[in-house]
Every structure is written in structure tokens, then in C-alpha cells.
$ cat work_19.csv   # CSV, C-alpha atoms
chain,number,residue,atom,x,y,z
A,1,MET,CA,-10.3,8.6,19.1
A,2,SER,CA,-7.0,8.9,20.8
A,3,PRO,CA,-5.8,12.3,21.9
A,4,LEU,CA,-4.0,14.4,19.3
A,5,HIS,CA,-0.6,15.9,19.9
A,6,PHE,CA,1.7,17.9,17.6
A,7,ASP,CA,4.2,20.7,17.4
A,8,PRO,CA,2.2,23.9,18.0
A,9,ARG,CA,4.5,26.0,15.8
A,10,LYS,CA,4.2,23.6,12.9
A,11,SER,CA,0.4,23.6,13.4
A,12,ARG,CA,0.3,27.4,13.2
A,13,ARG,CA,2.5,27.4,10.1
A,14,ASN,CA,0.2,24.8,8.5
A,15,ALA,CA,-2.9,26.9,9.3
A,16,ALA,CA,-1.3,30.0,7.7
A,17,GLU,CA,-0.1,28.1,4.6
A,18,ARG,CA,-2.9,25.6,4.1
A,19,GLY,CA,-5.8,26.9,6.2
A,20,LEU,CA,-5.7,23.7,8.3
A,21,PRO,CA,-4.4,23.7,11.9
A,22,PHE,CA,-3.6,20.3,13.2
A,23,GLU,CA,-6.3,20.7,15.8
A,24,ALA,CA,-8.9,20.3,12.9
A,25,LEU,CA,-8.2,16.5,12.9
A,26,GLU,CA,-10.4,16.3,16.0
A,27,ARG,CA,-13.3,16.6,13.6
A,28,PHE,CA,-11.8,14.1,11.1
A,29,ASP,CA,-14.0,11.2,10.1
A,30,TRP,CA,-11.8,8.3,11.2
A,31,LEU,CA,-14.6,5.7,10.6
A,32,THR,CA,-14.7,6.2,6.8
A,33,CYS,CA,-11.1,7.2,6.0
A,34,LEU,CA,-8.5,5.1,4.1
A,35,ILE,CA,-5.5,4.4,6.2
A,36,GLY,CA,-2.1,3.3,4.8
A,37,VAL,CA,1.6,3.3,5.6
A,38,SER,CA,3.6,6.3,4.4
A,39,LYS,CA,6.1,5.6,1.6
A,40,THR,CA,8.4,8.2,3.3
A,41,GLN,CA,9.6,6.4,6.5
A,42,ASP,CA,11.5,7.6,9.5
A,43,PRO,CA,13.7,4.7,10.6
A,44,THR,CA,12.6,5.1,14.2
A,45,THR,CA,8.8,5.0,13.8
A,46,THR,CA,6.1,4.0,11.3
A,47,ARG,CA,4.3,6.8,9.7
A,48,PHE,CA,0.7,6.3,8.6
A,49,THR,CA,-1.4,8.2,6.1
A,50,ALA,CA,-5.2,8.9,6.3
A,51,LEU,CA,-7.4,10.0,3.5
A,52,GLY,CA,-10.8,11.1,4.6
A,53,MET,CA,-13.4,13.8,5.2
A,54,LEU,CA,-13.0,16.8,7.4
A,55,ASP,CA,-15.7,19.4,7.5
A,56,GLY,CA,-17.0,18.4,4.1
A,57,ASP,CA,-13.6,18.4,2.4
A,58,LEU,CA,-11.3,15.5,1.6
A,59,VAL,CA,-8.0,15.8,3.3
A,60,PHE,CA,-4.7,13.9,3.6
A,61,ALA,CA,-2.9,13.5,6.9
A,62,VAL,CA,0.3,11.9,8.0
A,63,PHE,CA,0.7,10.7,11.6
A,64,THR,CA,2.4,8.3,14.0
A,65,LEU,CA,1.0,6.4,16.9
A,66,SER,CA,2.4,6.7,20.4
A,67,ARG,CA,1.4,5.9,23.9
A,68,ALA,CA,0.1,9.5,24.2
A,69,GLY,CA,-2.1,9.1,21.1
A,70,ILE,CA,-1.9,10.3,17.6
A,71,ARG,CA,1.0,12.6,16.7
A,72,VAL,CA,0.1,14.7,13.7
A,73,ILE,CA,3.0,15.3,11.2
A,74,SER,CA,1.2,16.8,8.2
A,75,LEU,CA,-2.3,17.8,7.1
A,76,ARG,CA,-3.4,19.1,3.7
A,77,ARG,CA,-6.3,19.1,1.2
A,78,ALA,CA,-6.2,15.9,-0.9
A,79,SER,CA,-4.8,16.0,-4.4
A,80,ARG,CA,-6.8,15.1,-7.5
A,81,LYS,CA,-5.1,11.7,-7.6
A,82,GLU,CA,-6.0,11.1,-3.9
A,83,ARG,CA,-9.6,12.2,-4.5
A,84,LYS,CA,-9.9,9.7,-7.3
A,85,ARG,CA,-8.4,6.9,-5.0
A,86,TYR,CA,-10.8,7.8,-2.2
A,87,VAL,CA,-13.9,7.6,-4.5
A,88,GLU,CA,-12.6,4.2,-6.0
A,89,GLY,CA,-11.4,2.9,-2.6
$ encode --input "work_19.csv" --output "C-alpha cells"
Amino acid sequence: MSPLHFDPRKSRRNAAERGLPFEALERFDWLTCLIGVSKTQDPTTTRFTALGMLDGDLVFAVFTLSRAGIRVISLRRASRKERKRYVEG
């Protein structure tokens, strides 16, 4: 897996609000996840989504790819709709 990078303040805020620091993606199961392109696009870069397992729970991540590796934008527990999609996917 490519190295992760992210805004440390945003990661701390995410950990406080959602219980998931961005560092947790180091344990994400990239081999069995569903990857897509985000519907919310930044005009300067492509955002990807990943739906997969992290420490026994299904999570949803948004990220970009760069020369430095994977830049984490968002990480949260999957919604009911996303859980259904993962099971069917």
C-alpha cells in the first residue's frame, strides 16, 4: 500500500467526532474493498471512494492519489445503504 498522508488537525477532529483517525486506514483491507469515483469532484483532482473493512467494521473513505501516496480526505462508518451495496457488490 502507498503511504498515507493527511491534514493532522482534520484527522484529530475526525477521531473526536467519529472515533476514526485517518491513521486507521493503515489497517484498511484494500484487497476486498469496493473502489469508485466520488460524485463530489474537486476540479483539480479526482476523488476516489473506498468501501471496505477496517478492524471488523465497514467504513467509507474518500481519498486522492498523489506522487506521495494516498491523501485521506474523509473516513467514517458506512451507512446502511453502503452496507447493503457492499454485501451485494
$ closest_residue --input "work_19.csv" --among "A:Arg76, A:Thr46, A:Val59, A:Gly69" --to "A:Ala15" --atoms "all atoms listed in the file"
A:Arg76
$ residues_around --input "work_19.csv" --residues "A:Phe22" --least-positions-apart "5" --cutoff "12 Å" --atoms "only C-alpha atoms" --output "list in words"
Leu4, His5, Phe6, Asp7, Pro8, Arg9, Lys10, Ser11, Arg12, Arg13, Asn14, Ala15, Ala16, Arg27, Phe28, Leu54, Val59, Phe60, Ala61, Val62, Phe63, Ile70, Arg71, Val72, Ile73, Ser74, Leu75 and Arg76 of chain A
$ closest_residue --input "work_19.csv" --among "A:Pro21, A:Gly36, A:Pro43, A:Gly52" --to "A:Arg83" --atoms "all atoms listed in the file"
A:Gly52
$ closest_residue --input "work_19.csv" --among "A:Thr64, A:Glu23, A:Gly89, A:Ala78" --to "A:Thr45" --atoms "only C-alpha atoms"
A:Thr64
$ residues_around --input "work_19.csv" --residues "A:Val87" --least-positions-apart "3" --cutoff "12 Å" --atoms "only C-alpha atoms" --output "PyMOL selection string"
chain A and resi 32-34+51-53+58+78+80-84
$ write_last_selection --input "work_19.csv" --atoms "C-alpha atoms" --output "CSV table (one decimal), in the coordinates of the input"
chain,number,residue,atom,x,y,z
A,32,THR,CA,-14.7,6.2,6.8
A,33,CYS,CA,-11.1,7.2,6.0
A,34,LEU,CA,-8.5,5.1,4.1
A,51,LEU,CA,-7.4,10.0,3.5
A,52,GLY,CA,-10.8,11.1,4.6
A,53,MET,CA,-13.4,13.8,5.2
A,58,LEU,CA,-11.3,15.5,1.6
A,78,ALA,CA,-6.2,15.9,-0.9
A,80,ARG,CA,-6.8,15.1,-7.5
A,81,LYS,CA,-5.1,11.7,-7.6
A,82,GLU,CA,-6.0,11.1,-3.9
A,83,ARG,CA,-9.6,12.2,-4.5
A,84,LYS,CA,-9.9,9.7,-7.3
$ atom_distance --input "work_19.csv" --atom1 "atom CA of A:Trp30" --atom2 "atom CA of A:Thr44"
24.8 Å
$ atom_distance --input "work_19.csv" --atom1 "atom CA of A:Leu65" --atom2 "atom CA of A:Phe48"
8.3 Å
$ closest_residue --input "work_19.csv" --among "A:Ser79, A:Ser2, A:Thr49, A:Ser66" --to "A:Val37" --atoms "all atoms listed in the file"
A:Thr49
$ closest_residue --input "work_19.csv" --among "A:Ala50, A:Glu88, A:Gly19, A:Ala68" --to "A:Leu31" --atoms "all atoms listed in the file"
A:Ala50
$ build_atoms --input "work_19.csv" --residues "stretch 24-49 of chain A" --atoms "N, CA and C atoms" --output "PDB file, keeping the file's coordinate frame"
ATOM      1  N   ALA A  24      -7.683  20.614  13.761  1.00  0.00           N
ATOM      2  CA  ALA A  24      -8.900  20.300  12.900  1.00  0.00           C
ATOM      3  C   ALA A  24      -9.074  18.787  12.848  1.00  0.00           C
ATOM      4  N   LEU A  25      -8.021  17.995  13.016  1.00  0.00           N
ATOM      5  CA  LEU A  25      -8.200  16.500  12.900  1.00  0.00           C
ATOM      6  C   LEU A  25      -9.071  15.980  14.036  1.00  0.00           C
ATOM      7  N   GLU A  26      -9.399  16.778  15.031  1.00  0.00           N
ATOM      8  CA  GLU A  26     -10.400  16.300  16.000  1.00  0.00           C
ATOM      9  C   GLU A  26     -11.736  16.120  15.422  1.00  0.00           C
ATOM     10  N   ARG A  27     -12.000  16.763  14.272  1.00  0.00           N
ATOM     11  CA  ARG A  27     -13.300  16.600  13.600  1.00  0.00           C
ATOM     12  C   ARG A  27     -13.170  15.678  12.362  1.00  0.00           C
ATOM     13  N   PHE A  28     -12.048  15.029  12.190  1.00  0.00           N
ATOM     14  CA  PHE A  28     -11.800  14.100  11.100  1.00  0.00           C
ATOM     15  C   PHE A  28     -12.662  12.867  11.198  1.00  0.00           C
ATOM     16  N   ASP A  29     -13.172  12.383  10.078  1.00  0.00           N
ATOM     17  CA  ASP A  29     -14.000  11.200  10.100  1.00  0.00           C
ATOM     18  C   ASP A  29     -13.132   9.931   9.980  1.00  0.00           C
ATOM     19  N   TRP A  30     -12.688   9.452  11.120  1.00  0.00           N
ATOM     20  CA  TRP A  30     -11.800   8.300  11.200  1.00  0.00           C
ATOM     21  C   TRP A  30     -12.511   7.002  10.771  1.00  0.00           C
ATOM     22  N   LEU A  31     -13.834   6.965  10.854  1.00  0.00           N
ATOM     23  CA  LEU A  31     -14.600   5.700  10.600  1.00  0.00           C
ATOM     24  C   LEU A  31     -14.641   5.429   9.066  1.00  0.00           C
ATOM     25  N   THR A  32     -14.582   6.441   8.211  1.00  0.00           N
ATOM     26  CA  THR A  32     -14.700   6.200   6.800  1.00  0.00           C
ATOM     27  C   THR A  32     -13.420   6.536   5.997  1.00  0.00           C
ATOM     28  N   CYS A  33     -12.330   6.788   6.698  1.00  0.00           N
ATOM     29  CA  CYS A  33     -11.100   7.200   6.000  1.00  0.00           C
ATOM     30  C   CYS A  33     -10.351   5.924   5.491  1.00  0.00           C
ATOM     31  N   LEU A  34      -9.447   6.163   4.551  1.00  0.00           N
ATOM     32  CA  LEU A  34      -8.500   5.100   4.100  1.00  0.00           C
ATOM     33  C   LEU A  34      -7.210   5.325   4.759  1.00  0.00           C
ATOM     34  N   ILE A  35      -6.726   4.301   5.446  1.00  0.00           N
ATOM     35  CA  ILE A  35      -5.500   4.400   6.200  1.00  0.00           C
ATOM     36  C   ILE A  35      -4.420   3.524   5.488  1.00  0.00           C
ATOM     37  N   GLY A  36      -3.209   4.054   5.374  1.00  0.00           N
ATOM     38  CA  GLY A  36      -2.100   3.300   4.800  1.00  0.00           C
ATOM     39  C   GLY A  36      -0.825   3.608   5.517  1.00  0.00           C
ATOM     40  N   VAL A  37       0.258   3.032   5.031  1.00  0.00           N
ATOM     41  CA  VAL A  37       1.600   3.300   5.600  1.00  0.00           C
ATOM     42  C   VAL A  37       2.294   4.244   4.640  1.00  0.00           C
ATOM     43  N   SER A  38       2.914   5.264   5.193  1.00  0.00           N
ATOM     44  CA  SER A  38       3.600   6.300   4.400  1.00  0.00           C
ATOM     45  C   SER A  38       4.781   5.661   3.655  1.00  0.00           C
ATOM     46  N   LYS A  39       4.979   6.101   2.423  1.00  0.00           N
ATOM     47  CA  LYS A  39       6.100   5.600   1.600  1.00  0.00           C
ATOM     48  C   LYS A  39       7.423   6.297   2.151  1.00  0.00           C
ATOM     49  N   THR A  40       7.285   7.477   2.748  1.00  0.00           N
ATOM     50  CA  THR A  40       8.400   8.200   3.300  1.00  0.00           C
ATOM     51  C   THR A  40       8.523   7.758   4.792  1.00  0.00           C
ATOM     52  N   GLN A  41       9.506   6.957   5.112  1.00  0.00           N
ATOM     53  CA  GLN A  41       9.600   6.400   6.500  1.00  0.00           C
ATOM     54  C   GLN A  41      10.733   7.018   7.269  1.00  0.00           C
ATOM     55  N   ASP A  42      10.461   7.249   8.520  1.00  0.00           N
ATOM     56  CA  ASP A  42      11.500   7.600   9.500  1.00  0.00           C
ATOM     57  C   ASP A  42      11.954   6.262  10.050  1.00  0.00           C
ATOM     58  N   PRO A  43      13.258   6.055  10.143  1.00  0.00           N
ATOM     59  CA  PRO A  43      13.700   4.700  10.600  1.00  0.00           C
ATOM     60  C   PRO A  43      13.366   4.375  12.021  1.00  0.00           C
ATOM     61  N   THR A  44      12.928   5.355  12.821  1.00  0.00           N
ATOM     62  CA  THR A  44      12.600   5.100  14.200  1.00  0.00           C
ATOM     63  C   THR A  44      11.158   4.809  14.500  1.00  0.00           C
ATOM     64  N   THR A  45      10.273   5.120  13.553  1.00  0.00           N
ATOM     65  CA  THR A  45       8.800   5.000  13.800  1.00  0.00           C
ATOM     66  C   THR A  45       8.087   4.785  12.475  1.00  0.00           C
ATOM     67  N   THR A  46       6.954   4.137  12.520  1.00  0.00           N
ATOM     68  CA  THR A  46       6.100   4.000  11.300  1.00  0.00           C
ATOM     69  C   THR A  46       5.205   5.158  11.172  1.00  0.00           C
ATOM     70  N   ARG A  47       5.200   5.707   9.975  1.00  0.00           N
ATOM     71  CA  ARG A  47       4.300   6.800   9.700  1.00  0.00           C
ATOM     72  C   ARG A  47       3.104   6.265   8.880  1.00  0.00           C
ATOM     73  N   PHE A  48       1.923   6.717   9.263  1.00  0.00           N
ATOM     74  CA  PHE A  48       0.700   6.300   8.600  1.00  0.00           C
ATOM     75  C   PHE A  48       0.105   7.481   7.838  1.00  0.00           C
ATOM     76  N   THR A  49      -0.710   7.159   6.845  1.00  0.00           N
ATOM     77  CA  THR A  49      -1.400   8.200   6.100  1.00  0.00           C
ATOM     78  C   THR A  49      -2.933   7.926   6.295  1.00  0.00           C
TER      79      THR A  49
END
